[in-house]
Every structure is written in C-alpha cells, then in structure tokens.
Amino acid sequence: MSTIHKISAEHLTQDLIDEIITRGYKLELGEDSRQRILHCRKYLDRKIAEADKPIYGVTTGFGSLCDINISADQMAELQVNLIKSHACGIGERMENPIVKIMLLLKVQSLSYGHSGCKLDTVQRLIDFFNHDIYPVVYQQGSVGASGDLVPLAHLCLPLLGLGEVEYQGERMSGAEILRRKGWEPIQLGPKEGLALLNGTQNMSALAVWSLIKAKRLTQWADLIAAMSLDAFDGRQDPFHLAVHLVRAHRGQIATAARLNELLRGSQLIVRPKANVQDPYSFRCIPQVHGAVKDTLSYVKSVVDIEINAATDNPTVCPDEDLIISAGNFHGEPIALPMDFLCIAMSELGNISERRIYKLVSGKRGLPSFLVAEPGLNSGFMITQYTAASIVSQSKTLCMPSSADSIPTSQGQEDHVSMGANAGTKLLRITDNTERVLAIELFTAAQALDFRRPLRSSPIIEDIHQAYRQVVPFIDHDVVMYPHIAHTVEFMRSHPIDL
C-alpha cells in the first residue's frame with residue numbers, strides 16, 4: 001500500500017517533498033484542511049451575495065480590466081475564460097516530477113483557506129496527483145508576477161476537460177482522461193479560476209526540484225574532487241581544520257571536514273609530495289564548494305517559506321472579514337535567491353572543469369590526456385572540451401532574470417519578477433553541472449588507475465570499484481559519449497549518503 005501524506009497546516013519541507021515524489025506517496029486532505037477550505041468558500045459566497053462594492057477578480061475583470069464589472073450570471077464563465085485565455089505556454093515541456101510538485105504545492109497553498117476554492121476543485125487536483133496524471137505544462141510564458149499564470153493555466157485546464165495530460169506514458173486530451181476515469185469536468189465557482197492561476201507554484205516547483213538535485217550534486221562534488229585530488233597527487237594540508245576555523249564559514253568548515261573524511265586511509269595522500277602547492281581548483285575546494293553549500297542553505301530557507309504560503313490574489317481572510325487584493329503572487333522573494341543559486345551551481349561546475357583540465361594535462365606523472373599511447377590516441381582530450389563548452393553555457397545563463405522587468409497588462413502589472421525564467425535557467429544550470437561532474441568522475445577514475453598499485457581511501461576505492469562495473473578503464477580510443485551518459489546515470493542511481 002502507498003504511504004499517505006495528509007495535507008495540513010504542518011510545515012512542508014523540501015526533504016519531505018523529495019520523499020513524497022520519489023517514493024510515490026498519495027495525498028489526502030486532513031480534516032482541518034477540509035474545514036478551512038469549506039469555511040473560506042462559505043464566507044466568500046456570503047460576501048459575494050452581500051457585495052455592495054466590486055471584489056477584484058470575482059465581480060470584476062482581471063489585470064487592467066479590473067474596472068469592468070461582471071454580472072452575477074457571468075461569474076462562472078469569467079473564471080473559465082480566464083483559464084482558457086491564459087493558457088499561452090510554449091517551448092519545452094516541464095518534466096513530470098516538476099509537474100507533480102506543482103500539483104502538490106497548489107493543493108498545499110489552497111488548503112490554508114485563504115483562496116476561496118471549492119472542496120471538489122482541490123480534491124480533483126489531489127486525484128490527478130494520486131493517479132500520476134501529468135498535465136502538459138510548458139516552460140515558457142510566465143513573467144513571475146500575478147503568479148505563474150501561464151503554466152498554472154496549463155496545469156488546471158484538464159480539470160475542465162481541456163488541455164492535455166500524460167498518463168501511463170500516453171499523451172491525451174483533458175477530455176479523454178476525464179472520460180477514462182469517469183470524472184465530470186469541474187464547474188468553477190466565482191474566484192476559483194483566479195485562485196488556481198495566481199500563485200508561485202511553478203517557480204517554487206522549479207526551485208524545489210533544483211534544490212533537491214543541487215544538494216545531491218554538492219555531495220558528489222566533494223567525493224569526486226577527493227578522487228581527483230588523490231589522482232593528481234595533491235596535498236591534504238590545505239584541508240586542515242585549523243585553516244578553516246579562522247575564517248569560520250560554515251560550508252567551508254564542513255567541506256574541509258568532509259574531504260578529510262573521504263581521504264582517510266589513502267596511501268596516495270600521505271606519500272611525500274614534490275609539489276609545495278596545488279592549483280586553486282584543488283587547494284580551494286573548501287572555499288568554493290563551501291560557498292556553494294552556504295548559498296544552497298540560504299536559498300532553501302527562503303523557498304521553505306514560500307512553499308508554506310498562500311500566494312494567490314485576492315487574499316481571503318474569513319476570520320478578519322477581509323478580502324484584499326494585494327501582491328502575494330509576486331515572485332521576487334524567490335526570484336532573487338534562484339538567480340543567486342544559478343551562480344553558485346555554475347561555479348561548482350566551473351571549478352570541476354578546471355580539475356578535469358589539470359588531470360589531462362600530462363602533469364605529476366600522469367600521461368597526456370590519460371591514455372597510454374598519446375598521439376596515436378587522443379584519450380580524454382575532448383572530454384575536457386565538452387566540459388568547457390558546458391560551463392561556458394552555464395556562465396552565460398548566469399545573467400540574473402530578476403534584474404529584468406517588462407510591464408504587462410497595459411501597465412497595471414508594471415513590475416514583474418521574471419522568476420519563472422530564473423527557475424528554468426536554474427534547472428538548466430543544475431543539469432549542466434551534473435554533466436560536468438560526471439565528466440570529472442569519468443576522468444578522475446581513469447587517472448586513479450594510473451596510480452596503481454597505490455590505493456586511495458576505502459571510501460574512494462569503493463566508489464571507484466562500483467563505477468568500474470558501469471564504465472571501464474579506457475585503454476585505447478573508443479566512442480566516449482555512451483560512457484559519459486552512463487556516468488550521469490551512475491551518479492543518479494548510486495547512493496551518495498556515505
């Protein structure tokens with residue numbers, strides 16, 4: 001039986017989201033959440049019936065059309081029209097895990113009872129999650145203010161029997177999935193379309209998924225860097241904790257301690273060294289990897305707040321008897337940190353590429369390009385080119401999206417966060433960094449084999465042995481790209497919490 005996660009006011013963490021998504025949890029509304037949703041909807045219906053002045057998005061149009069009043073018999077049509085007209089996405093599809101996180105975060109946000117959604121609407125989102133129905137959502141279209149209007153429109157179209165979904169590997173219409181499941185299209189009430197489309201769940205899902213991947217990559221980066229250091233005949237003294245305690249950055253100290261742990265028991269690291277110093281890409285691993293970890297920690301703390309928030313508009317506060325049109329949908333609070341994390345993840349790939357370069361440079365007793373007969377064989381020459389290409393692309397993607405703003409909706413929405421662009425860039429840079437680290441592992445394992453019969457530490461040798469079950473030592477030139485792809489898969493599947 002699947003594990004059930006009850007939607008409640010309990011703090012939702014990124015680690016829990018990772019567990020829910022990767023282990024196939026099902027969702028269920030807790031009783032408190034059900035009551036909050038019902039209470040808010042009942043309050044909103046009463047306020048609409050009693051309204052003697054306009055309520056934005058409920059009895060008026062949207063954006064710059066906020067001054068146009070909508071009659072009572074048109075309120076439901078208004079909400080449906082909103083979702084239809086805002087489904088303007090284009091470009092690549094969102095990955096299914098990200099779409100599933102979007103569904104989870106949208107349910108969580110609506111469950112607080114500040115959005116005015118009907119219970120059956122929230123339940124249908126849960127049905128989609130629990131049956132692994134993935135609405136087709138496109139990466140391009142959101143400016144990250146007024147919420148993620150475009151991607152959330154695509155997320156919610158199938159609730160109405162519109163749009164498209166992927167189900168059991170098959171792409172089909174929203175109408176077809178409802179037919180197969182025997183479900184009727186949701187009949188939207190006043191304010192519901194706005195509640196579904198306003199919000200930062202697209203940006204937040206991109207941030208959460210990137211953070212989940214980034215955390216794992218920082219662990220791999222330390223391990224791979226330790227293998228590279230030993231293969232390069234590097235020095236361990238730059239990792240002495242006394243050096244790092246006098247600077248006291250948390251990530252730096254943790255990285256130095258981790259490197260010492262990874263290198264414990266290595267025959268290579270303790271042998272006498274002819275080199276007085278190592279290049280920065282080795283000597284400054286704690287300073288660079290540590291700064292990335294500190295950035296990750298900061299971004300995680302901000303995103304944790306966001307995923308536990310109600311971010312649609314207007315905000316309905318039944319207990320305070322308030323319906324307020326404000327700006328909780330604005331993505332600036334997470335757009336800035338995501339841009340920051342773009343830079344950090346790019347740097348993690350950048351320093352990795354420099355270590356690859358050193359390993360193939362024919363220095364410290366290693367053969368040129370890590371092949372026994374250089375000249376006849378090019379060996380690992382072009383793997384470094386590939387890594388250089390990837391990190392260059394990541395660098396160009398580091399221009400902060402949040403530094404840009406283009407007015408929309410005839411100037412009514414005159415400052416936007418571009419947080420969705422920050423999120424898609426972050427995802428791309430994180431994937432790039434994974435590929436560069438995979439090339440470094442490919443390269444470091446090859447270099448380590450040239451140090452035989454000396455052995456590295458037990459931890460590094462265990463990883464090396466497991467890796468050699470997937471990717472062999474390269475004696476002579478072979479087609480390399482399958483080995484790089486297999487290395488990426490190895491990193492994704494192999495346990496790293498050592």
# chains A, B, ... in the order shown; residues from 1 in each chain; ligands from 1
$ residues_around --residues "stretch 196-205 of chain A" --least-positions-apart "4" --cutoff "6 Å" --atoms "only C-alpha atoms" --output "list of chain:residue names"
A:Ile98, A:Ile101, A:Met102, A:Leu105, A:Ser146, A:Gly147, A:Asp148, A:Leu149, A:Leu152, A:Ala153, A:Thr311, A:Asp312, A:Phe329, A:Ala420, A:Gly423
$ select_by_dssp --residues "stretch 198-350 of chain A" --states "helix (DSSP H, G or I)" --output "JSON, numbers by chain"
{"A": [201, 202, 203, 204, 205, 206, 207, 208, 209, 210, 211, 212, 213, 214, 215, 216, 217, 218, 219, 220, 221, 222, 223, 224, 225, 226, 227, 228, 229, 230, 231, 237, 238, 239, 241, 242, 243, 244, 245, 250, 251, 252, 253, 254, 255, 256, 257, 258, 259, 260, 261, 262, 263, 267, 268, 269, 270, 280, 281, 282, 283, 285, 286, 287, 288, 289, 290, 291, 292, 293, 294, 295, 296, 297, 298, 299, 300, 301, 302, 303, 304, 305, 306, 318, 319, 320, 332, 333, 334, 335, 336, 337, 338, 339, 340, 341, 342, 343, 344, 345, 346, 347, 348, 349, 350]}
$ atom_distance --atom1 "atom CA of A:Ala145" --atom2 "atom CA of A:Asn313"
11.0 Å
$ residues_around --residues "A:Asp127" --least-positions-apart "6" --cutoff "12 Å" --atoms "only C-alpha atoms" --output "VMD selection string"
chain A and resid 26 to 29 100 103 to 104 107 120 to 121 133 to 134 158 to 159 177 to 178 181 to 183
$ write_last_selection --atoms "N, CA, C and O atoms" --output "compact mmCIF listing (two decimals), in the first residue's frame"
# COMPACT_ATOMS: atom_id res chain seq x y z
N LYS A 26 0.76 9.02 -1.73
CA LYS A 26 -0.53 9.56 -2.12
C LYS A 26 -0.90 10.70 -1.18
O LYS A 26 -0.44 10.76 -0.03
N LEU A 27 -1.76 11.61 -1.67
CA LEU A 27 -2.19 12.76 -0.87
C LEU A 27 -3.60 12.54 -0.35
O LEU A 27 -4.43 11.89 -0.99
N GLU A 28 -3.84 13.13 0.80
CA GLU A 28 -5.19 13.10 1.39
C GLU A 28 -5.36 14.38 2.19
O GLU A 28 -4.45 14.79 2.92
N LEU A 29 -6.51 15.01 2.04
CA LEU A 29 -6.77 16.22 2.82
C LEU A 29 -7.03 15.86 4.28
O LEU A 29 -7.88 15.02 4.57
N LYS A 100 4.39 17.29 -10.95
CA LYS A 100 3.80 16.67 -9.76
C LYS A 100 4.02 17.54 -8.52
O LYS A 100 3.14 17.67 -7.67
N LEU A 103 1.48 20.33 -8.60
CA LEU A 103 0.18 19.89 -8.09
C LEU A 103 0.18 19.87 -6.56
O LEU A 103 -0.76 20.36 -5.92
N LEU A 104 1.22 19.31 -5.98
CA LEU A 104 1.32 19.25 -4.51
C LEU A 104 1.31 20.63 -3.90
O LEU A 104 0.58 20.91 -2.93
N VAL A 107 -2.13 22.38 -4.15
CA VAL A 107 -3.04 21.84 -3.14
C VAL A 107 -2.69 22.39 -1.76
O VAL A 107 -3.57 22.82 -1.00
N ASP A 120 -14.34 20.33 -4.00
CA ASP A 120 -14.22 19.37 -5.09
C ASP A 120 -13.11 19.76 -6.07
O ASP A 120 -12.49 18.89 -6.69
N THR A 121 -12.83 21.05 -6.19
CA THR A 121 -11.74 21.51 -7.05
C THR A 121 -10.40 21.07 -6.49
O THR A 121 -9.54 20.55 -7.21
N ILE A 133 -1.34 11.52 -13.06
CA ILE A 133 -1.79 12.21 -14.27
C ILE A 133 -1.03 13.54 -14.34
O ILE A 133 -1.12 14.36 -13.43
N TYR A 134 -0.26 13.71 -15.40
CA TYR A 134 0.61 14.87 -15.51
C TYR A 134 0.08 15.83 -16.57
O TYR A 134 0.23 15.56 -17.77
N PRO A 158 -6.93 20.64 -17.63
CA PRO A 158 -7.57 19.32 -17.65
C PRO A 158 -8.65 19.13 -16.60
O PRO A 158 -9.50 18.24 -16.75
N LEU A 159 -8.66 19.96 -15.56
CA LEU A 159 -9.75 19.88 -14.59
C LEU A 159 -11.08 20.18 -15.27
O LEU A 159 -12.14 19.68 -14.84
N ILE A 177 -8.87 11.97 -20.54
CA ILE A 177 -8.51 11.43 -19.22
C ILE A 177 -9.72 11.46 -18.28
O ILE A 177 -9.92 10.53 -17.49
N LEU A 178 -10.56 12.48 -18.38
CA LEU A 178 -11.77 12.51 -17.56
C LEU A 178 -12.71 11.38 -17.95
O LEU A 178 -13.32 10.73 -17.08
N LYS A 181 -11.40 8.08 -16.55
CA LYS A 181 -11.53 7.97 -15.09
C LYS A 181 -12.98 8.07 -14.63
O LYS A 181 -13.26 7.86 -13.44
N GLY A 182 -13.88 8.38 -15.53
CA GLY A 182 -15.28 8.53 -15.14
C GLY A 182 -15.55 9.76 -14.30
O GLY A 182 -16.46 9.77 -13.46
N TRP A 183 -14.76 10.82 -14.53
CA TRP A 183 -14.90 12.07 -13.78
C TRP A 183 -15.61 13.11 -14.64
O TRP A 183 -15.38 13.20 -15.85
$ residues_around --residues "A:Ala175" --least-positions-apart "4" --cutoff "7 Å" --atoms "only C-alpha atoms" --output "ChimeraX atom specification"
/A:161-162,179
$ atom_distance --atom1 "atom CA of A:Ile406" --atom2 "atom CA of A:Gly144"
10.9 Å
